[in-house]
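K.L.:
Quick one: this structure, given as structure tokens, is what I'll be asking you about.
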Amino acid sequence: MKTKPFTTGIKIGVAAVLMGIPTIVSAQQPANDVTAPLHLLQPDYPTPYGAKSAQEIKATIDKVYAFLEKTTPAGLINSKTKQEVTDLKKLDENTVFAPGTFRLTSYEWGVTYAGMLLATEATGDQKYADYTNKRLKLIADIAPYYKKELAKNSKFPSPVHGFLMPHALDDGGAVTASMIKAQRAGSKTDLRPLIDHFMDYISNKEFRLTDGTLARNRPQPNTLWLDDLFMSVPALAQMGKLTGDVKYYDDAVKQVKQFSDRMYNSQKNLYMHGWVQSMEENPQFHWARANGWAVMTMVELLEVLPKDHPGYNMVSNQLRAHIKGLVAYQDGTGFWHQLIDRNDTYLETSATAIYAYSITRAINRGYIDKAAYAPAALLAWNAVATKVNDKGEVEGTCVGTGMGFDPAFYYYRPINVFAAHGYGPVILAGAEIILMLKNNQFEINDSSLQLKASK
């Protein structure tokens with residue numbers, strides 16, 4: 001990392017003036033340890049350093065919002081005639097969502113819907129929540145017709161086929177969690193039929209190991225995907241809050257414990273991406289985004305889990321250990337690497353945004369020491385913000401990723417601005433940082449960013 005040298009005859013900078021340190025202006029005298037306060041040399045940071053203002057953060061969120069509002073319309077068309085469909089009595093096998101850049105029912109968009117709701121909470125700007133509520137209403141409005149048709153013919157073409165006829169947790173777990181959040185936030189649309197439909201899938205139909213751990217049979221039989229924590233637990237937790245039924249909390253806690261028992265490396269405080277029951281030794285690839293799903297899962301579970309639940313302390317201890325492990329691997333740029341513990345892999349945006357959100361939410365909820373972790377979270381946000389381009393696209397995000405058991409698979413996964421995984425986490429992170437700034441002050445103290453101690 002470079003530092004900017006002092007030049008004799010030039011001011012040291014605003015920081016020196018504010019601190020009452022005299023500047024050296026002699027054109028003949030070189031700057032050295034006697035003639036200049038060298039500790040005030042300004043580093044050539046690759047990422048902006050310090051706390052951004054709430055207005056600056058909102059401006060970044062707004063760029064993303066404007067891009068998504070334009071490129072993910074909430075509407076229907078007839079795929080043959082290309083005409084807009086506004087009369088729900090005219091739904092048929094040719095009805096599709098209006099062409100857009102991203103899928104309105106994908107798990108990535110479940111994250112985006114939750115992010116928009118949080119952005120309204122953080123800023124008071126209703127347009128973000130309107131984005132979510134408008135699209136969830138569209139899904140809810142058309143679902144009854146297609147549910148009826150699918151009951152007669154399971155292959156009937158439908159824009160909400162995956163959600164109504166799921167084959168994996170990806171098909172609706174994250175969207176269901178966002179629906180419950182929207183319902184709890186006062187959505188005027190009755191989302192409960194869709195919520196109940198997918199919760200039945202999570203609780204009763206998704207494949208599990210004999211001990212009840214949610215699993216898949218790909219790429220190998222009896223495989224655990226760390227991603228599936230997020231595809232299930234937040235929805236279970238939110239359902240527990242919505243209904244008051246402890247069985248949902250119990251299942252959510254069980255998943256965190258049983259995934260962690262198999263997949264958590266307590267020496268590195270990181271999770272492996274996948275675990276296969278038949279393998280004597282499971283290759284440990286600490287993929288960044290999967291670790292993001294895990295840490296976000298625990299934050300969101302603690303959000304609603306009653307403190308007197310017997311699993312509360314286990315989850316909170318696991319969260320603290322995981323955050324400690326993650327922060328230990330943060331790059332000096334503020335990003336995290338694609339494989340967290342392999343710094344020759346590329347720096348990845350979506351995971352960094354998820355960590356920025358999760359760490360900040362843990363700070364805001366008092367789960368971790370804010371003085372210790374807030375600077376890392378702010379640096380992470382500053383890094384993420386550099387990846388939001390003028391169009392509002394999020395750059396540097398790894399595309400959708402299956403599970404691999406060799407390093408090349410993870411090292412060379414492509415990145416793309418149309419990888420949907422980056423957008424929701426960026427909005428979540430920015431919104432949560434704004435909430436932190438409302439209740440805390442930061443300062444540059446002896447050149448480093450610090451939480452300003454209350455007097």
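Each chain in the structure tokens gets a letter, A, B and so on, in the order shown; residues start at 1 in every chain, and ligands are counted from 1 in the order they appear.
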Find the nearest atom pair between each residue of region 230-255 of chain A and region 182-188 of chain A for residues within 12 Å, count only C-alpha atoms, give distances in Å to one decimal, sort rows by chain and ascending number, and present the table as a Markdown table.
P.N.:
```
| residue | atom | partner | partner_atom | distance |
| --- | --- | --- | --- | --- |
| A:Gln238 | CA | A:Arg184 | CA | 9.2 |
| A:Met239 | CA | A:Arg184 | CA | 10.4 |
| A:Lys241 | CA | A:Arg184 | CA | 9.2 |
| A:Leu242 | CA | A:Arg184 | CA | 7.3 |
| A:Thr243 | CA | A:Arg184 | CA | 10.8 |
```
K.L.:
Would you mind exporting the chosen residues as an mmCIF file, in the first residue's frame, restricted to N, CA and C atoms?
P.N.:
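That gives us out10.cif:
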```
data_model
loop_
_atom_site.group_PDB
_atom_site.id
_atom_site.type_symbol
_atom_site.label_atom_id
_atom_site.label_comp_id
_atom_site.auth_asym_id
_atom_site.auth_seq_id
_atom_site.Cartn_x
_atom_site.Cartn_y
_atom_site.Cartn_z
ATOM 1 N N GLN A 238 -39.273 -16.644 10.780
ATOM 2 C CA GLN A 238 -40.336 -15.661 10.580
ATOM 3 C C GLN A 238 -41.714 -16.281 10.806
ATOM 4 N N MET A 239 -41.859 -17.550 10.419
ATOM 5 C CA MET A 239 -43.145 -18.229 10.632
ATOM 6 C C MET A 239 -43.397 -18.429 12.127
ATOM 7 N N LYS A 241 -42.422 -16.385 14.403
ATOM 8 C CA LYS A 241 -42.845 -15.069 14.889
ATOM 9 C C LYS A 241 -44.273 -14.763 14.471
ATOM 10 N N LEU A 242 -44.619 -15.117 13.227
ATOM 11 C CA LEU A 242 -45.946 -14.815 12.711
ATOM 12 C C LEU A 242 -47.032 -15.599 13.436
ATOM 13 N N THR A 243 -46.762 -16.861 13.730
ATOM 14 C CA THR A 243 -47.794 -17.746 14.290
ATOM 15 C C THR A 243 -47.682 -17.960 15.789
#
```
K.L.:
Please list as number ranges by chain every residue within 8 Å of region 50-67 of chain A, counting only C-alpha atoms and excluding residues in the same chain fewer than 6 positions away.
P.N.:
A: 123, 128, 378-379, 382, 385, 388, 390-394, 423, 426-427, 430-431, 434, 437, 442-444, 449
K.L.:
Which residue out of A:Ala356, A:Met199, A:Ala151, A:Ala351 has the minimum interatomic distance to Trp381 (chain A) when only C-alpha atoms are used?
P.N.:
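Answer, going by the shortest atom-to-atom distance: A:Ala356.
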K.L.:
Return as a PyMOL selection string the full set of residues in region 168-231 of chain A whose backbone-based DSSP assignment is strand (DSSP E or B).
P.N.:
chain A and resi 208+214+216+223-225
K.L.:
Would you put the residues from that selection into a file with C-alpha atoms, as a PDB file, in the first residue's frame?
P.N.:
```pdb
ATOM      1  CA  ARG A 208     -34.028 -34.554   4.991  1.00  0.00           C
ATOM      2  CA  LEU A 214     -32.448 -30.513   5.417  1.00  0.00           C
ATOM      3  CA  ARG A 216     -30.255 -32.636  -1.170  1.00  0.00           C
ATOM      4  CA  THR A 223     -25.486 -33.791   0.608  1.00  0.00           C
ATOM      5  CA  LEU A 224     -25.714 -30.714   2.840  1.00  0.00           C
ATOM      6  CA  TRP A 225     -25.455 -27.343   1.112  1.00  0.00           C
TER       7      TRP A 225
END
```
K.L.:
Report, in Å with one decimal, the straight-line distance from CA of Asn389 (chain A) to CA of Thr352 (chain A).
P.N.:
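CA of Asn389 (chain A) sits 16.4 Å away from CA of Thr352 (chain A).
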K.L.:
Please report, as a ChimeraX atom specification, each residue of region 57-264 of chain A to which DSSP assigns alpha helix (DSSP H) when run on this structure's backbone.
P.N.:
/A:57-71,107-123,126-152,161-164,173-184,192-200,227-243,246-263
K.L.:
Extract, using only C-alpha atoms, all DNA, RNA and protein residues at most 8 Å from Met436 (chain A), discarding same-chain residues fewer than 6 positions from it, and format them as a PyMOL selection string.
P.N.:
chain A and resi 360+363-364
K.L.:
Using only C-alpha atoms, which residue out of A:Thr397, A:Lys70, A:Ala328, A:Lys370 lies closest to Gln441 (chain A)?
P.N.:
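Of A:Thr397, A:Lys70, A:Ala328, A:Lys370, the one nearest Gln441 (chain A) is A:Lys370, counting only C-alpha atoms.
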